[in-house]
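Shown next: upload_16.tsv, containing TSV, C-alpha atoms (C1' of nucleotides).
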```tsv
chain	number	residue	atom	x	y	z
A	222	MET	CA	68.85	123.70	32.61
A	223	LEU	CA	72.12	125.12	31.30
A	224	HIS	CA	73.76	123.14	28.57
A	225	LEU	CA	77.44	122.98	29.44
A	226	THR	CA	80.11	120.47	28.52
A	227	ILE	CA	83.24	119.86	30.56
A	228	SER	CA	86.32	117.97	29.40
A	229	GLN	CA	88.21	116.74	32.41
A	230	GLY	CA	91.62	116.10	30.97
A	231	ASP	CA	92.16	118.42	28.03
A	232	GLY	CA	94.55	120.83	29.72
A	233	VAL	CA	92.10	123.69	29.91
A	234	PRO	CA	91.15	124.32	33.55
A	235	ILE	CA	87.58	123.44	34.34
A	236	TYR	CA	86.71	126.86	35.74
A	237	LEU	CA	87.96	128.42	32.50
A	238	GLN	CA	85.84	126.11	30.38
A	239	LEU	CA	82.88	127.25	32.43
A	240	VAL	CA	83.79	130.92	32.06
A	241	ARG	CA	84.18	130.68	28.31
A	242	GLN	CA	81.00	128.74	27.71
A	243	ILE	CA	78.91	130.99	29.89
A	244	LYS	CA	80.44	134.05	28.23
A	245	THR	CA	79.39	132.62	24.91
A	246	LEU	CA	75.89	131.87	26.14
A	247	ILE	CA	75.55	135.46	27.27
A	248	ALA	CA	77.11	136.96	24.14
A	249	THR	CA	74.77	135.03	21.89
A	250	GLY	CA	71.68	135.78	23.91
A	251	ARG	CA	71.02	132.25	25.06
A	252	LEU	CA	71.27	133.64	28.55
A	253	LYS	CA	69.10	136.72	28.83
A	254	PRO	CA	69.75	139.78	31.02
A	255	ASP	CA	68.49	139.19	34.56
A	256	GLY	CA	68.16	135.53	33.73
A	257	GLU	CA	69.04	133.20	36.56
A	258	LEU	CA	72.07	130.95	36.64
A	259	PRO	CA	72.04	127.69	38.56
A	260	PRO	CA	73.18	127.84	42.20
A	261	VAL	CA	76.82	126.81	42.56
A	262	ARG	CA	75.96	123.55	44.30
A	263	VAL	CA	73.37	122.59	41.70
A	264	LEU	CA	75.63	123.24	38.75
A	265	ALA	CA	78.48	121.48	40.54
A	266	GLN	CA	76.33	118.41	41.05
A	267	GLN	CA	75.07	118.41	37.46
A	268	LEU	CA	78.60	118.54	36.08
A	269	VAL	CA	80.15	116.43	38.85
A	270	LEU	CA	82.46	119.21	40.01
A	271	ASN	CA	83.51	120.70	43.29
A	272	PRO	CA	81.26	123.66	44.10
A	273	ASN	CA	84.37	125.80	44.56
A	274	THR	CA	85.22	125.38	40.91
A	275	VAL	CA	81.86	126.82	39.93
A	276	VAL	CA	82.33	129.58	42.48
A	277	ARG	CA	85.57	130.54	40.82
A	278	ALA	CA	83.99	130.66	37.38
A	279	TYR	CA	81.11	132.78	38.67
A	280	ARG	CA	83.53	135.16	40.35
A	281	GLU	CA	85.46	135.72	37.13
A	282	LEU	CA	82.25	136.43	35.31
A	283	GLU	CA	81.23	138.85	38.04
A	284	VAL	CA	84.53	140.72	37.81
A	285	ALA	CA	83.99	140.96	34.06
A	286	GLY	CA	80.64	142.56	34.81
A	287	LEU	CA	78.65	139.83	33.08
A	288	ILE	CA	76.77	138.51	36.09
A	289	TYR	CA	75.80	139.64	39.56
A	290	LYS	CA	75.03	137.74	42.72
A	291	LYS	CA	72.55	138.10	45.53
A	292	ARG	CA	73.41	136.22	48.66
A	293	GLY	CA	70.70	133.85	49.70
A	294	ALA	CA	68.89	134.42	46.45
A	295	GLY	CA	70.93	133.42	43.43
A	296	THR	CA	73.12	134.48	40.54
A	297	TYR	CA	71.86	136.47	37.55
A	298	VAL	CA	72.97	137.79	34.18
A	299	SER	CA	73.75	141.50	34.23
A	300	SER	CA	71.42	143.78	32.33
A	301	GLU	CA	73.85	146.68	32.29
A	302	VAL	CA	76.89	146.23	30.11
A	303	THR	CA	80.51	146.13	31.09
A	304	PRO	CA	82.16	147.98	33.96
A	305	TYR	CA	84.80	149.18	31.49
A	306	THR	CA	85.16	152.55	29.83
A	307	ASP	CA	85.07	152.79	26.05
A	308	ALA	CA	88.83	153.18	25.99
A	309	GLU	CA	89.29	150.08	28.11
A	310	CYS	CA	86.97	148.03	25.91
A	311	ARG	CA	88.89	149.15	22.90
A	312	ARG	CA	92.22	148.27	24.45
A	313	ILE	CA	91.02	144.81	25.46
A	314	LEU	CA	89.66	144.06	22.03
A	315	ALA	CA	92.62	145.60	20.21
A	316	GLU	CA	94.88	143.24	22.10
A	317	ARG	CA	92.84	140.24	21.02
A	318	ALA	CA	92.65	141.55	17.49
A	319	ASP	CA	96.43	142.01	17.36
A	320	ALA	CA	96.94	138.42	18.44
A	321	LEU	CA	94.59	137.25	15.70
A	322	VAL	CA	96.30	139.36	13.05
A	323	VAL	CA	99.80	138.22	14.01
A	324	GLU	CA	98.79	134.57	14.17
A	325	GLY	CA	96.96	134.99	10.89
A	326	LEU	CA	99.86	136.58	9.05
A	327	ASN	CA	102.20	133.84	10.24
A	328	LEU	CA	99.75	131.22	9.00
A	329	GLY	CA	99.30	132.86	5.62
A	330	TYR	CA	96.02	134.72	6.16
A	331	ASP	CA	95.92	138.23	4.78
A	332	GLU	CA	93.62	141.00	5.97
A	333	ASP	CA	90.65	140.11	3.78
A	334	LYS	CA	90.88	136.45	4.59
A	335	LEU	CA	90.88	137.24	8.29
A	336	VAL	CA	87.88	139.52	7.93
A	337	ALA	CA	86.02	136.83	6.04
A	338	LEU	CA	86.80	134.35	8.78
A	339	LEU	CA	85.71	136.78	11.46
A	340	ARG	CA	82.39	137.46	9.74
A	341	GLU	CA	81.77	133.76	9.25
A	342	ARG	CA	82.50	132.94	12.89
A	343	HIS	CA	80.19	135.74	13.94
A	344	LYS	CA	77.37	134.27	11.91
A	345	THR	CA	78.02	130.77	13.15
A	346	LEU	CA	77.95	131.85	16.76
A	347	ARG	CA	74.70	133.69	16.19
A	348	ARG	CA	73.08	130.90	14.24
A	349	ASP	CA	71.54	128.88	17.00
A	350	ALA	CA	70.83	131.84	19.20
A	351	PRO	CA	67.19	132.51	20.04
A	352	ASP	CA	65.36	135.16	18.03
A	353	GLU	CA	65.89	138.71	19.12
A	354	GLU	CA	62.68	139.81	20.71
A	355	GLY	CA	61.62	143.30	19.74
A	356	ALA	CA	62.48	145.46	22.74
B	85	MET	CA	120.24	144.03	17.17
B	86	LEU	CA	116.73	142.86	17.97
B	87	HIS	CA	114.52	145.40	19.64
B	88	LEU	CA	112.72	143.58	22.44
B	89	THR	CA	111.23	144.86	25.67
B	90	ILE	CA	110.74	142.71	28.75
B	91	SER	CA	108.61	143.60	31.77
B	92	GLN	CA	109.79	141.63	34.75
B	93	GLY	CA	106.80	141.76	37.04
B	94	ASP	CA	103.68	142.13	34.95
B	95	GLY	CA	102.36	138.61	35.33
B	96	VAL	CA	103.11	137.55	31.78
B	97	PRO	CA	105.94	135.00	31.78
B	98	ILE	CA	109.16	136.31	30.27
B	99	TYR	CA	109.47	133.50	27.74
B	100	LEU	CA	105.95	134.28	26.54
B	101	GLN	CA	106.73	137.95	26.11
B	102	LEU	CA	109.65	136.89	23.95
B	103	VAL	CA	107.53	134.49	21.93
B	104	ARG	CA	104.86	137.08	21.25
B	105	GLN	CA	107.22	139.85	20.30
B	106	ILE	CA	109.26	137.68	18.00
B	107	LYS	CA	106.08	136.33	16.42
B	108	THR	CA	105.05	139.89	15.73
B	109	LEU	CA	108.45	140.77	14.29
B	110	ILE	CA	108.18	137.83	11.93
B	111	ALA	CA	104.55	138.46	11.00
B	112	THR	CA	105.27	142.08	10.12
B	113	GLY	CA	108.40	141.30	8.16
B	114	ARG	CA	110.83	143.01	10.49
B	115	LEU	CA	112.51	139.64	10.72
B	116	LYS	CA	113.03	138.26	7.24
B	117	PRO	CA	112.98	134.59	6.20
B	118	ASP	CA	116.36	132.99	6.80
B	119	GLY	CA	117.33	136.02	8.85
B	120	GLU	CA	119.43	135.23	11.88
B	121	LEU	CA	118.28	135.52	15.47
B	122	PRO	CA	120.71	136.28	18.27
B	123	PRO	CA	122.34	133.29	19.98
B	124	VAL	CA	120.57	132.38	23.19
B	125	ARG	CA	123.43	133.58	25.38
B	126	VAL	CA	123.72	136.89	23.58
B	127	LEU	CA	120.02	137.68	23.76
B	128	ALA	CA	119.98	136.54	27.38
B	129	GLN	CA	122.80	138.92	28.25
B	130	GLN	CA	121.22	141.82	26.37
B	131	LEU	CA	117.94	141.41	28.19
B	132	VAL	CA	119.49	140.30	31.49
B	133	LEU	CA	117.78	136.91	31.46
B	134	ASN	CA	118.78	133.36	32.07
B	135	PRO	CA	119.76	131.73	28.77
B	136	ASN	CA	117.29	128.95	29.52
B	137	THR	CA	114.45	131.41	29.28
B	138	VAL	CA	115.49	132.36	25.78
B	139	VAL	CA	115.90	128.69	24.93
B	140	ARG	CA	112.34	128.08	25.93
B	141	ALA	CA	111.04	130.92	23.78
B	142	TYR	CA	113.05	129.71	20.80
B	143	ARG	CA	111.75	126.20	21.26
B	144	GLU	CA	108.13	127.35	21.20
B	145	LEU	CA	108.79	129.30	18.04
B	146	GLU	CA	110.42	126.27	16.50
B	147	VAL	CA	107.44	124.06	17.34
B	148	ALA	CA	105.22	126.67	15.71
B	149	GLY	CA	107.36	126.34	12.61
B	150	LEU	CA	108.46	129.96	12.66
B	151	ILE	CA	112.18	129.42	13.20
B	152	TYR	CA	114.72	126.65	12.80
B	153	LYS	CA	117.98	125.98	14.53
B	154	LYS	CA	121.36	124.70	13.46
B	155	ARG	CA	123.55	123.44	16.22
B	156	GLY	CA	126.87	125.20	16.35
B	157	ALA	CA	125.68	127.70	13.78
B	158	GLY	CA	122.69	129.69	14.97
B	159	THR	CA	118.94	130.23	14.84
B	160	TYR	CA	117.06	131.46	11.80
B	161	VAL	CA	113.64	132.54	10.63
B	162	SER	CA	111.87	129.86	8.60
B	163	SER	CA	111.33	130.55	4.94
B	164	GLU	CA	108.70	127.88	4.54
B	165	VAL	CA	105.39	128.53	6.21
B	166	THR	CA	103.70	126.65	9.00
B	167	PRO	CA	103.89	122.94	9.69
B	168	TYR	CA	100.09	122.94	9.89
B	169	THR	CA	97.56	121.80	7.33
B	170	ASP	CA	95.02	124.27	5.96
B	171	ALA	CA	92.37	122.74	8.19
B	172	GLU	CA	94.54	123.11	11.25
B	173	CYS	CA	95.33	126.74	10.47
B	174	ARG	CA	91.68	127.41	10.05
B	175	ARG	CA	90.81	125.75	13.32
B	176	ILE	CA	93.47	127.68	15.21
B	177	LEU	CA	92.36	131.01	13.78
B	178	ALA	CA	88.66	130.24	14.14
B	179	GLU	CA	89.23	129.65	17.83
B	180	ARG	CA	90.91	133.02	18.20
B	181	ALA	CA	88.23	134.67	16.11
B	182	ASP	CA	85.49	133.14	18.25
B	183	ALA	CA	87.12	134.53	21.37
B	184	LEU	CA	87.27	137.97	19.80
B	185	VAL	CA	83.64	137.83	18.68
B	186	VAL	CA	82.36	136.69	22.07
B	187	GLU	CA	84.40	139.27	23.95
B	188	GLY	CA	83.31	141.89	21.47
B	189	LEU	CA	79.61	141.11	21.74
B	190	ASN	CA	79.81	141.24	25.52
B	191	LEU	CA	81.52	144.63	25.32
B	192	GLY	CA	79.01	146.04	22.88
B	193	TYR	CA	80.90	145.63	19.60
B	194	ASP	CA	78.81	144.36	16.69
B	195	GLU	CA	80.16	142.57	13.63
B	196	ASP	CA	80.98	145.68	11.61
B	197	LYS	CA	82.65	147.39	14.51
B	198	LEU	CA	84.82	144.35	15.10
B	199	VAL	CA	85.76	144.16	11.44
B	200	ALA	CA	86.70	147.85	11.47
B	201	LEU	CA	88.87	147.28	14.52
B	202	LEU	CA	90.52	144.27	12.95
B	203	ARG	CA	91.35	146.17	9.77
B	204	GLU	CA	92.73	149.07	11.74
B	205	ARG	CA	94.94	146.87	13.88
B	206	HIS	CA	96.19	145.14	10.78
B	207	LYS	CA	97.23	148.46	9.28
B	208	THR	CA	98.84	149.63	12.49
B	209	LEU	CA	100.88	146.48	12.81
B	210	ARG	CA	102.03	146.82	9.22
B	211	ARG	CA	102.77	150.53	9.44
B	212	ASP	CA	106.32	150.47	10.71
B	213	ALA	CA	107.24	147.32	8.88
B	214	PRO	CA	110.01	147.61	6.30
B	215	ASP	CA	109.00	147.95	2.65
B	216	GLU	CA	108.16	144.78	0.85
B	217	GLU	CA	111.02	144.12	-1.47
B	218	GLY	CA	109.96	142.91	-4.91
B	219	ALA	CA	110.81	139.21	-4.87
C	225	DT	C1'	61.44	132.29	64.55
C	226	DA	C1'	63.13	127.99	62.13
C	227	DG	C1'	65.09	125.90	58.60
C	228	DA	C1'	66.38	125.48	53.95
C	229	DT	C1'	68.90	127.74	50.36
C	230	DT	C1'	72.26	130.72	48.51
C	231	DG	C1'	76.70	132.81	48.20
C	232	DT	C1'	81.40	133.63	51.06
C	233	DG	C1'	85.73	132.65	53.22
C	234	DT	C1'	89.61	129.87	54.58
C	235	DC	C1'	92.81	126.34	54.49
C	236	DA	C1'	95.43	122.66	52.53
C	237	DC	C1'	96.99	119.37	49.14
C	238	DT	C1'	98.82	118.50	44.59
C	239	DG	C1'	100.69	119.20	40.31
C	240	DT	C1'	102.47	122.54	37.11
C	241	DT	C1'	104.96	126.41	35.66
C	242	DT	C1'	108.65	129.46	35.62
C	243	DC	C1'	113.17	130.37	36.09
C	244	DG	C1'	117.90	129.42	37.11
C	245	DA	C1'	122.65	126.71	37.56
C	246	DT	C1'	125.43	123.82	35.28
C	247	DA	C1'	127.26	120.29	32.43
C	248	DC	C1'	127.02	118.14	27.65
C	249	DA	C1'	127.23	117.77	22.42
C	250	DA	C1'	127.42	119.26	17.73
C	251	DT	C1'	129.17	122.51	14.45
C	252	DG	C1'	132.17	126.03	12.28
C	253	DA	C1'	136.58	128.61	11.84
C	254	DC	C1'	141.28	128.14	11.75
D	98	DG	C1'	142.82	118.49	15.32
D	99	DT	C1'	141.78	122.51	18.43
D	100	DC	C1'	139.00	125.73	20.26
D	101	DA	C1'	135.45	128.95	20.44
D	102	DT	C1'	130.62	129.19	19.48
D	103	DT	C1'	126.09	127.42	19.21
D	104	DG	C1'	122.26	124.76	20.71
D	105	DT	C1'	120.79	120.62	24.16
D	106	DA	C1'	119.76	118.22	28.34
D	107	DT	C1'	119.06	117.64	33.15
D	108	DC	C1'	118.19	118.87	37.69
D	109	DG	C1'	116.29	121.77	41.37
D	110	DA	C1'	114.05	125.67	43.89
D	111	DA	C1'	110.34	128.73	44.34
D	112	DA	C1'	106.07	130.42	43.14
D	113	DC	C1'	101.57	129.70	41.32
D	114	DA	C1'	97.35	127.41	39.74
D	115	DG	C1'	93.68	124.16	40.20
D	116	DT	C1'	90.92	121.61	42.94
D	117	DG	C1'	88.76	120.02	47.04
D	118	DA	C1'	86.86	119.86	52.14
D	119	DC	C1'	84.43	122.35	55.23
D	120	DA	C1'	82.69	125.94	58.12
D	121	DC	C1'	80.39	130.70	57.99
D	122	DA	C1'	76.90	134.36	56.80
D	123	DA	C1'	73.09	136.43	54.48
D	124	DT	C1'	68.58	135.82	52.52
D	125	DC	C1'	64.21	133.71	51.45
D	126	DT	C1'	60.10	131.03	52.71
D	127	DA	C1'	56.83	129.23	55.65
```

Take the structure from the file and write it as structure tokens.
Amino acid sequence: MLHLTISQGDGVPIYLQLVRQIKTLIATGRLKPDGELPPVRVLAQQLVLNPNTVVRAYRELEVAGLIYKKRGAGTYVSSEVTPYTDAECRRILAERADALVVEGLNLGYDEDKLVALLRERHKTLRRDAPDEEGA
Amino acid sequence: MLHLTISQGDGVPIYLQLVRQIKTLIATGRLKPDGELPPVRVLAQQLVLNPNTVVRAYRELEVAGLIYKKRGAGTYVSSEVTPYTDAECRRILAERADALVVEGLNLGYDEDKLVALLRERHKTLRRDAPDEEGA
DNA sequence: TAGATTGTGTCACTGTTTCGATACAATGAC
DNA sequence: GTCATTGTATCGAAACAGTGACACAATCTA
């Protein structure tokens, strides 16, 4: 039973809220590789959404290489990582990092302060994640 | 003469391209506090845009507290920083940091690798900035 | 095979966003 | 005061995004 929270009227599209939360669940290990995600209709009913909205979220996650689908069977977390090359990964993350740096500088955060924040957020996100099981 | 580059058909709205680039110019000191920005019509003509598009970009920057406008006179870079409280700044940046961490984890970047990337991007952004003049 | 379950595809409605045309209002220079 | 310059406000057209209704197709289970 996935623990997801949807805010209907906060401006952020529902499908995007789903994408972000599921991305986080995967990143932090709460959703394990080859783990099963709820069928679109089930999740839609749980969250009182149109199934299409869940479909859209799942599709975005599939394009990002984070999940895969088997028709008639279900939807699962990918065990392989990312369909992107190293260079592409780097470009994607550099873009995000640039945005953080620029926003930070304009809000009075210098390099060290940003690094400290980044490390703290990393720890916080990891905090409630399940223990890493020895592979 | 501001150096800005606009891509007409790349999906990113023109006004947003303006906002981002000007934010970067301010963050890296290429636009100095109380420095003057081009009048909306002038910038619009330079970039072959509708003046309204520039207006929109300027308004967003004003809301963010980065510039201020004087009717009949012109538009200038703010010397004060941010209309946000410390807590608000932190929340804004934490949100961006979270996104970077999640994306990073899903692309195989651990904490140290992300920090290294962040530091490198910070240096790169600063590289071509004008020298800091002793205040 | 039969039927339930799962994802897929298509269409349409609605509101928002983006961009542009054009007129208005305040300020500065003279 | 006059006039050019600067930002402001309003309206509209076109494209896009978000959501929903509903029918289709593949797979699994019995």

task: Fewer than 2 positions away in the same chain doesn't count, so skip those; otherwise give me all residues within 12 Å of DG239 of chain C, counting all atoms listed in the file, as a list in words.
output: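 My reading of the contact set: DC237 and DT241 of chain C; DC113, DA114, DG115 and DT116 of chain D.
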
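We find atom CA of Val138 of chain B and atom CA of Leu102 of chain B to be spaced 7.6 Å apart.
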
field: Given all atoms listed in the file as the counted atoms, nearest of D:DA101, D:DA123, D:DA110, D:DG117 to chain B
entry: D:DA101

Find the residues near segment 292-305 of chain A: any atom within 6 Å, counting only C-alpha atoms (C1' of nucleotides), skip ones fewer than 5 places away on the same chain, and give them as a PDB file with C-alpha atoms (C1' of nucleotides), in the coordinates of the input.
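Printed below is result30.pdb as written:
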```pdb
ATOM      1  CA  PRO A 254      69.750 139.780  31.020  1.00  0.00           C
ATOM      2  CA  ASP A 255      68.490 139.190  34.560  1.00  0.00           C
ATOM      3  CA  GLY A 256      68.160 135.530  33.730  1.00  0.00           C
ATOM      4  CA  GLU A 257      69.040 133.200  36.560  1.00  0.00           C
ATOM      5  CA  LEU A 258      72.070 130.950  36.640  1.00  0.00           C
ATOM      6  CA  GLY A 286      80.640 142.560  34.810  1.00  0.00           C
ATOM      7  CA  LEU A 287      78.650 139.830  33.080  1.00  0.00           C
TER       8      LEU A 287
ATOM      9  C1'  DT C 230      72.260 130.720  48.510  1.00  0.00           C
ATOM     10  C1'  DG C 231      76.700 132.810  48.200  1.00  0.00           C
TER      11       DG C 231
ATOM     12  C1'  DA D 123      73.090 136.430  54.480  1.00  0.00           C
ATOM     13  C1'  DT D 124      68.580 135.820  52.520  1.00  0.00           C
TER      14       DT D 124
END
```

Residues of chain A at most 9 Å from chain D: nearest atom pair and distance in Å, all atoms listed in the file, as CSV:
```
residue,atom,partner,partner_atom,distance
A:Pro234,CA,D:DG115,C1',7.1
A:Ile235,CA,D:DG115,C1',8.5
A:Tyr236,CA,D:DG115,C1',8.7
A:Asn271,CA,D:DG117,C1',6.5
A:Pro272,CA,D:DG117,C1',8.8
A:Asn273,CA,D:DG117,C1',7.7
A:Thr274,CA,D:DT116,C1',7.1
A:Lys291,CA,D:DT124,C1',8.4
A:Arg292,CA,D:DA123,C1',5.8
A:Gly293,CA,D:DT124,C1',4.0
A:Ala294,CA,D:DT124,C1',6.2
```

Once chain B has been least-squares superposed onto chain A, matching all their Cα atoms in order, can you return it as a CSV table (one decimal) with C-alpha atoms, in the frame of the given file?
```
chain,number,residue,atom,x,y,z
B,85,MET,CA,68.9,123.7,32.5
B,86,LEU,CA,72.1,125.1,31.3
B,87,HIS,CA,73.8,123.1,28.5
B,88,LEU,CA,77.5,123.0,29.4
B,89,THR,CA,80.2,120.4,28.5
B,90,ILE,CA,83.3,119.9,30.6
B,91,SER,CA,86.4,118.0,29.5
B,92,GLN,CA,88.3,116.7,32.5
B,93,GLY,CA,91.7,116.1,31.1
B,94,ASP,CA,92.3,118.4,28.2
B,95,GLY,CA,94.6,120.9,29.8
B,96,VAL,CA,92.2,123.7,30.0
B,97,PRO,CA,91.2,124.3,33.6
B,98,ILE,CA,87.6,123.4,34.4
B,99,TYR,CA,86.7,126.8,35.8
B,100,LEU,CA,88.0,128.4,32.6
B,101,GLN,CA,85.9,126.1,30.4
B,102,LEU,CA,82.9,127.2,32.5
B,103,VAL,CA,83.8,130.9,32.1
B,104,ARG,CA,84.2,130.7,28.3
B,105,GLN,CA,81.0,128.7,27.7
B,106,ILE,CA,78.9,131.0,29.9
B,107,LYS,CA,80.5,134.0,28.2
B,108,THR,CA,79.4,132.6,24.9
B,109,LEU,CA,75.9,131.9,26.1
B,110,ILE,CA,75.6,135.4,27.3
B,111,ALA,CA,77.2,137.0,24.1
B,112,THR,CA,74.8,135.0,21.9
B,113,GLY,CA,71.7,135.8,23.9
B,114,ARG,CA,71.1,132.2,25.0
B,115,LEU,CA,71.3,133.6,28.5
B,116,LYS,CA,69.1,136.7,28.8
B,117,PRO,CA,69.8,139.8,31.0
B,118,ASP,CA,68.5,139.2,34.5
B,119,GLY,CA,68.1,135.5,33.7
B,120,GLU,CA,69.0,133.2,36.5
B,121,LEU,CA,72.1,130.9,36.6
B,122,PRO,CA,72.0,127.7,38.5
B,123,PRO,CA,73.1,127.8,42.2
B,124,VAL,CA,76.7,126.8,42.6
B,125,ARG,CA,75.9,123.5,44.3
B,126,VAL,CA,73.3,122.6,41.7
B,127,LEU,CA,75.6,123.3,38.7
B,128,ALA,CA,78.4,121.5,40.6
B,129,GLN,CA,76.3,118.4,41.0
B,130,GLN,CA,75.1,118.4,37.5
B,131,LEU,CA,78.6,118.6,36.1
B,132,VAL,CA,80.1,116.4,38.9
B,133,LEU,CA,82.5,119.2,40.1
B,134,ASN,CA,83.5,120.7,43.3
B,135,PRO,CA,81.2,123.7,44.1
B,136,ASN,CA,84.3,125.8,44.6
B,137,THR,CA,85.2,125.4,41.0
B,138,VAL,CA,81.8,126.8,40.0
B,139,VAL,CA,82.3,129.6,42.5
B,140,ARG,CA,85.5,130.5,40.9
B,141,ALA,CA,84.0,130.7,37.4
B,142,TYR,CA,81.1,132.8,38.7
B,143,ARG,CA,83.5,135.2,40.4
B,144,GLU,CA,85.4,135.7,37.2
B,145,LEU,CA,82.2,136.4,35.3
B,146,GLU,CA,81.2,138.9,38.0
B,147,VAL,CA,84.5,140.7,37.8
B,148,ALA,CA,84.0,141.0,34.1
B,149,GLY,CA,80.6,142.6,34.8
B,150,LEU,CA,78.7,139.8,33.1
B,151,ILE,CA,76.7,138.5,36.1
B,152,TYR,CA,75.8,139.7,39.5
B,153,LYS,CA,75.0,137.8,42.7
B,154,LYS,CA,72.5,138.1,45.5
B,155,ARG,CA,73.3,136.3,48.6
B,156,GLY,CA,70.6,133.9,49.6
B,157,ALA,CA,68.8,134.5,46.4
B,158,GLY,CA,70.9,133.5,43.4
B,159,THR,CA,73.1,134.5,40.5
B,160,TYR,CA,71.9,136.5,37.5
B,161,VAL,CA,73.0,137.8,34.1
B,162,SER,CA,73.8,141.5,34.2
B,163,SER,CA,71.5,143.8,32.3
B,164,GLU,CA,73.9,146.7,32.2
B,165,VAL,CA,76.9,146.3,30.1
B,166,THR,CA,80.6,146.1,31.1
B,167,PRO,CA,82.2,147.9,34.0
B,168,TYR,CA,84.9,149.1,31.5
B,169,THR,CA,85.2,152.5,29.9
B,170,ASP,CA,85.1,152.8,26.1
B,171,ALA,CA,88.9,153.1,26.0
B,172,GLU,CA,89.4,150.0,28.1
B,173,CYS,CA,87.1,148.0,25.9
B,174,ARG,CA,89.0,149.1,22.9
B,175,ARG,CA,92.3,148.2,24.5
B,176,ILE,CA,91.1,144.8,25.5
B,177,LEU,CA,89.7,144.0,22.0
B,178,ALA,CA,92.7,145.6,20.2
B,179,GLU,CA,94.9,143.2,22.1
B,180,ARG,CA,92.9,140.2,21.0
B,181,ALA,CA,92.7,141.5,17.5
B,182,ASP,CA,96.5,142.0,17.3
B,183,ALA,CA,96.9,138.4,18.4
B,184,LEU,CA,94.6,137.2,15.6
B,185,VAL,CA,96.3,139.4,13.0
B,186,VAL,CA,99.8,138.2,13.9
B,187,GLU,CA,98.8,134.6,14.1
B,188,GLY,CA,96.9,135.0,10.8
B,189,LEU,CA,99.8,136.6,9.0
B,190,ASN,CA,102.2,133.8,10.2
B,191,LEU,CA,99.7,131.2,8.9
B,192,GLY,CA,99.3,132.9,5.5
B,193,TYR,CA,96.0,134.7,6.1
B,194,ASP,CA,95.9,138.3,4.7
B,195,GLU,CA,93.6,141.1,5.9
B,196,ASP,CA,90.6,140.2,3.7
B,197,LYS,CA,90.8,136.5,4.5
B,198,LEU,CA,90.9,137.3,8.2
B,199,VAL,CA,87.9,139.6,7.9
B,200,ALA,CA,86.0,136.9,6.0
B,201,LEU,CA,86.8,134.4,8.7
B,202,LEU,CA,85.7,136.8,11.4
B,203,ARG,CA,82.4,137.5,9.7
B,204,GLU,CA,81.7,133.8,9.2
B,205,ARG,CA,82.5,133.0,12.9
B,206,HIS,CA,80.2,135.8,13.9
B,207,LYS,CA,77.3,134.3,11.9
B,208,THR,CA,78.0,130.8,13.1
B,209,LEU,CA,78.0,131.9,16.7
B,210,ARG,CA,74.7,133.8,16.2
B,211,ARG,CA,73.0,131.0,14.2
B,212,ASP,CA,71.6,128.9,17.0
B,213,ALA,CA,70.8,131.9,19.2
B,214,PRO,CA,67.2,132.5,20.1
B,215,ASP,CA,65.3,135.1,18.1
B,216,GLU,CA,65.8,138.7,19.2
B,217,GLU,CA,62.6,139.7,20.8
B,218,GLY,CA,61.5,143.2,19.9
B,219,ALA,CA,62.3,145.2,23.1
```

Taking the partial coordinates given, rebuild segment 201-208 of chain B to contain N, CA, C and O atoms; return it as an mmCIF file, in the frame of the given file.
```cif
data_model
loop_
_atom_site.group_PDB
_atom_site.id
_atom_site.type_symbol
_atom_site.label_atom_id
_atom_site.label_comp_id
_atom_site.auth_asym_id
_atom_site.auth_seq_id
_atom_site.Cartn_x
_atom_site.Cartn_y
_atom_site.Cartn_z
ATOM 1 N N LEU B 201 87.737 147.337 13.586
ATOM 2 C CA LEU B 201 88.870 147.280 14.520
ATOM 3 C C LEU B 201 89.968 146.363 13.994
ATOM 4 O O LEU B 201 91.150 146.699 14.020
ATOM 5 N N LEU B 202 89.542 145.232 13.469
ATOM 6 C CA LEU B 202 90.520 144.270 12.950
ATOM 7 C C LEU B 202 91.327 144.877 11.815
ATOM 8 O O LEU B 202 92.558 144.763 11.777
ATOM 9 N N ARG B 203 90.642 145.546 10.902
ATOM 10 C CA ARG B 203 91.350 146.170 9.770
ATOM 11 C C ARG B 203 92.312 147.246 10.257
ATOM 12 O O ARG B 203 93.424 147.373 9.761
ATOM 13 N N GLU B 204 91.870 147.993 11.236
ATOM 14 C CA GLU B 204 92.730 149.070 11.740
ATOM 15 C C GLU B 204 93.976 148.501 12.420
ATOM 16 O O GLU B 204 95.092 148.992 12.208
ATOM 17 N N ARG B 205 93.791 147.468 13.206
ATOM 18 C CA ARG B 205 94.940 146.870 13.880
ATOM 19 C C ARG B 205 95.908 146.273 12.872
ATOM 20 O O ARG B 205 97.116 146.333 13.036
ATOM 21 N N HIS B 206 95.343 145.698 11.826
ATOM 22 C CA HIS B 206 96.190 145.140 10.780
ATOM 23 C C HIS B 206 97.072 146.231 10.178
ATOM 24 O O HIS B 206 98.284 146.059 10.025
ATOM 25 N N LYS B 207 96.461 147.357 9.874
ATOM 26 C CA LYS B 207 97.230 148.460 9.280
ATOM 27 C C LYS B 207 98.284 148.970 10.255
ATOM 28 O O LYS B 207 99.432 149.222 9.893
ATOM 29 N N THR B 208 97.896 149.125 11.492
ATOM 30 C CA THR B 208 98.840 149.630 12.490
ATOM 31 C C THR B 208 100.046 148.713 12.626
ATOM 32 O O THR B 208 101.190 149.173 12.686
#
```
